[in-house]
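> If you scroll down you'll find the structure; I have some questions about it.
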Amino acid sequence: MAMLKLSLAFHVLAFVLFLCFTMSTGSYQYFQFVQQWPPTTCAVSKQPCYQNPPSIFTIHGLWPSNYSKKAWVANCTRTRFNNSLAPKLEAKLKISWPNVENANYTEFWEREWNKHGTCSEQTLDQEEYFQRSHDIWNAYNITNILKKANILPNGAIWNYSDIVSPIKTVTRKMPALRCKPDPTKPKNHKISHQLLHEVVLCLHYKGRALIDCNRTACDNNLKILFQ
Ligand code: 5GP
């Protein structure tokens, strides 16, 4: 009987500790702040983009993530996007976070909030989620950082380290790149490069301090075309 009580107490304690841990860290461990290069988004998109894509890195999303195999957590609560962002913020997001695929800008924000934002609601409410994203975009201008390092969208081919190095110098933390196969090359073509698609900055789970990123979505064996 004493053993049973002890075992029960142990299980209750373990459960309480587990609850404390989940409530203090949330269901994610850090953020991936993903900025996309719109010309690549449009080049790989199934449907043609509705207009010429902007030639600046723009926000794709702020993704609550875990270090386990799956890159990010998704669709965490039933909270839905509330189309009531402050007009000033909305005006800024139209520049930093445009929908590059179609003209309905709130559709992209809605998708990103419902899929990703709901997973960090315990840290950032909807307004804070979009404001914080805009602030990070503003603080680390990837387009300018690459431009200053003479990494321009002119069709040159780079090593992975050539592109991350100037970003790391400015941010002092390791970014990550995400690449896409070049859709203009036939499947059986001897592929020699991939397209630069996205730059990821990683942040502590509170979404303020940058931390090193530890995963890439580029093929290590291929060079990177920036166009
Ligand atoms: P995720 O859903 O994981 O946040 O991102 C992947 C999807 O985002 C892809 O299906 C891609 O088409 C979509 N996506 C990337 N950029 C844009 C955009 O500017 N507008 C829209 N509507 N979708 C986008």
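Each chain in the structure tokens gets a letter, A, B and so on, in the order shown; residues start at 1 in every chain, and ligands are counted from 1 in the order they appear.
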Considering only C-alpha atoms, return as a VMD selection string whatever protein or nucleic-acid residues lie within 7 Å of Gln35 of chain A, sequence-local ones (same chain, fewer than 4 positions apart) excluded.

chain A and resid 57 to 60 198 to 200

> Those residues with N, CA, C and O atoms, as a JSON list (two decimals), in the first residue's frame please?


[["chain", "number", "residue", "atom", "x", "y", "z"],
["A", 57, "PHE", "N", 14.00, 41.51, -49.66],
["A", 57, "PHE", "CA", 13.57, 40.39, -48.82],
["A", 57, "PHE", "C", 12.36, 40.84, -48.02],
["A", 57, "PHE", "O", 12.37, 41.92, -47.42],
["A", 58, "THR", "N", 11.31, 40.04, -48.04],
["A", 58, "THR", "CA", 10.09, 40.38, -47.29],
["A", 58, "THR", "C", 9.77, 39.22, -46.35],
["A", 58, "THR", "O", 10.28, 38.10, -46.51],
["A", 59, "ILE", "N", 8.90, 39.51, -45.40],
["A", 59, "ILE", "CA", 8.61, 38.50, -44.37],
["A", 59, "ILE", "C", 7.76, 37.37, -44.93],
["A", 59, "ILE", "O", 6.78, 37.61, -45.65],
["A", 60, "HIS", "N", 8.17, 36.16, -44.64],
["A", 60, "HIS", "CA", 7.29, 35.01, -44.90],
["A", 60, "HIS", "C", 6.56, 34.65, -43.60],
["A", 60, "HIS", "O", 5.36, 34.47, -43.60],
["A", 198, "GLU", "N", 15.10, 31.74, -49.10],
["A", 198, "GLU", "CA", 14.78, 32.41, -47.85],
["A", 198, "GLU", "C", 15.99, 32.52, -46.92],
["A", 198, "GLU", "O", 16.89, 31.67, -46.97],
["A", 199, "VAL", "N", 15.96, 33.55, -46.10],
["A", 199, "VAL", "CA", 16.97, 33.73, -45.06],
["A", 199, "VAL", "C", 16.25, 33.64, -43.72],
["A", 199, "VAL", "O", 15.23, 34.30, -43.51],
["A", 200, "VAL", "N", 16.79, 32.82, -42.84],
["A", 200, "VAL", "CA", 16.16, 32.61, -41.54],
["A", 200, "VAL", "C", 17.05, 33.18, -40.43],
["A", 200, "VAL", "O", 18.25, 32.90, -40.40]]

> Set out as a Markdown table a contact list for chain A and ligand 1 with a cut-off of 8 Å, giving each residue of chain A that qualifies its closest atom pair and distance in Å to one decimal, counting only C-alpha atoms and all ligand atoms, ordered by chain and rising residue number.


| residue | atom | partner | partner_atom_place_in_ligand_line | distance |
| --- | --- | --- | --- | --- |
| A:Gln36 | CA | ligand 1 | 16 (N) | 7.2 |
| A:Pro38 | CA | ligand 1 | 19 (O) | 7.3 |
| A:Thr41 | CA | ligand 1 | 16 (N) | 6.1 |
| A:Ser45 | CA | ligand 1 | 12 (O) | 5.9 |
| A:Lys46 | CA | ligand 1 | 12 (O) | 7.7 |
| A:His60 | CA | ligand 1 | 16 (N) | 5.7 |
| A:Gly61 | CA | ligand 1 | 4 (O) | 6.2 |
| A:Trp63 | CA | ligand 1 | 4 (O) | 7.8 |
| A:Trp97 | CA | ligand 1 | 19 (O) | 7.8 |
| A:Pro98 | CA | ligand 1 | 19 (O) | 6.1 |
| A:Asn99 | CA | ligand 1 | 19 (O) | 3.7 |
| A:Val100 | CA | ligand 1 | 19 (O) | 3.7 |
| A:Glu101 | CA | ligand 1 | 20 (N) | 4.5 |
| A:Asn102 | CA | ligand 1 | 22 (N) | 6.2 |
| A:Asn104 | CA | ligand 1 | 22 (N) | 7.9 |
| A:Tyr105 | CA | ligand 1 | 20 (N) | 7.8 |
| A:Glu107 | CA | ligand 1 | 22 (N) | 6.5 |
| A:Phe108 | CA | ligand 1 | 22 (N) | 4.7 |
| A:Arg111 | CA | ligand 1 | 2 (O) | 7.1 |
| A:Glu112 | CA | ligand 1 | 4 (O) | 5.6 |
| A:Lys115 | CA | ligand 1 | 4 (O) | 7.0 |
| A:His116 | CA | ligand 1 | 4 (O) | 7.1 |

> Restricting the calculation to only C-alpha atoms, which member of A:Ile142, A:Ile191, A:Ile224, A:Val34 is positioned closest to Asp162 of chain A?

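Looking at the shortest contact to Asp162 of chain A, the residue is A:Ile224.
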
> If you run DSSP over the backbone, which residues in segment 30-167 of chain A end up strand (DSSP E)? Put them as JSON, numbers by chain.

{"A": [30, 31, 32, 33, 34, 35, 36, 58, 59, 60, 61, 62, 63, 64, 65, 156, 157, 158]}

> Write the selection just made, keeping C-alpha atoms, as a PDB file, in the first residue's frame?


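After the write, out_32.pdb holds the following:
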ATOM      1  CA  TYR A  30      12.566  29.152 -30.258  1.00  0.00           C
ATOM      2  CA  PHE A  31      11.439  31.206 -33.262  1.00  0.00           C
ATOM      3  CA  GLN A  32      12.514  31.031 -36.870  1.00  0.00           C
ATOM      4  CA  PHE A  33      12.009  34.408 -38.526  1.00  0.00           C
ATOM      5  CA  VAL A  34      11.774  33.647 -42.213  1.00  0.00           C
ATOM      6  CA  GLN A  35      12.301  36.262 -44.904  1.00  0.00           C
ATOM      7  CA  GLN A  36      11.713  35.338 -48.508  1.00  0.00           C
ATOM      8  CA  THR A  58      10.095  40.378 -47.288  1.00  0.00           C
ATOM      9  CA  ILE A  59       8.611  38.499 -44.366  1.00  0.00           C
ATOM     10  CA  HIS A  60       7.289  35.007 -44.896  1.00  0.00           C
ATOM     11  CA  GLY A  61       6.611  34.308 -41.250  1.00  0.00           C
ATOM     12  CA  LEU A  62       7.632  34.067 -37.623  1.00  0.00           C
ATOM     13  CA  TRP A  63       7.573  30.372 -36.877  1.00  0.00           C
ATOM     14  CA  PRO A  64       7.574  28.936 -33.328  1.00  0.00           C
ATOM     15  CA  SER A  65       9.903  25.966 -33.665  1.00  0.00           C
ATOM     16  CA  ALA A 156      25.954  34.922 -59.810  1.00  0.00           C
ATOM     17  CA  ILE A 157      26.506  31.612 -58.057  1.00  0.00           C
ATOM     18  CA  TRP A 158      27.657  31.438 -54.438  1.00  0.00           C
TER      19      TRP A 158
END

> Would you give me, as a VMD selection string, the residues in segment 85-190 of chain A that DSSP reads as helix (DSSP H, G or I)?

chain A and resid 87 to 96 105 to 115 117 to 120 126 to 139 142 to 148 160 to 171

> Find the residue from A:Cys76, A:Cys202, A:Asn141, A:Ala86 that sits nearest to Asn214 of chain A; use only C-alpha atoms when measuring.

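The shortest atom-to-atom distance to Asn214 of chain A comes from A:Cys202.
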
> Determine, counting only C-alpha atoms, which protein, DNA and RNA residues have an atom within 9 Å of an atom of Asn75 of chain A; residues of the same chain fewer than 4 positions away are not included. Present the result as a list of chain:residue names.

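So the residues in contact are A:Trp113, A:Asn114, A:Lys115, A:His116, A:Gly117, A:Thr118, A:Cys119.
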
> Which value, in Å to one decimal, gives the distance between atom CA of Ser192 of chain A and atom CA of Asp212 of chain A?

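Distance reported for this atom pair: 28.2 Å.
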
> Restricting the calculation to only C-alpha atoms: of A:Leu196, A:Ala91, A:Val164, A:Ala209, which residue gets closest to Ala139 of chain A?

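Looking at the shortest contact to Ala139 of chain A, the residue is A:Ala209.
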
> Give me the residues within 12 Å of Ile167 of chain A as JSON, numbers by chain, counting only C-alpha atoms and dropping any in the same chain fewer than 2 places off.

{"A": [140, 141, 142, 143, 144, 145, 146, 147, 148, 149, 151, 160, 161, 162, 163, 164, 165, 169, 170, 171, 172, 173, 174, 175, 176, 177, 199, 200, 201, 212]}
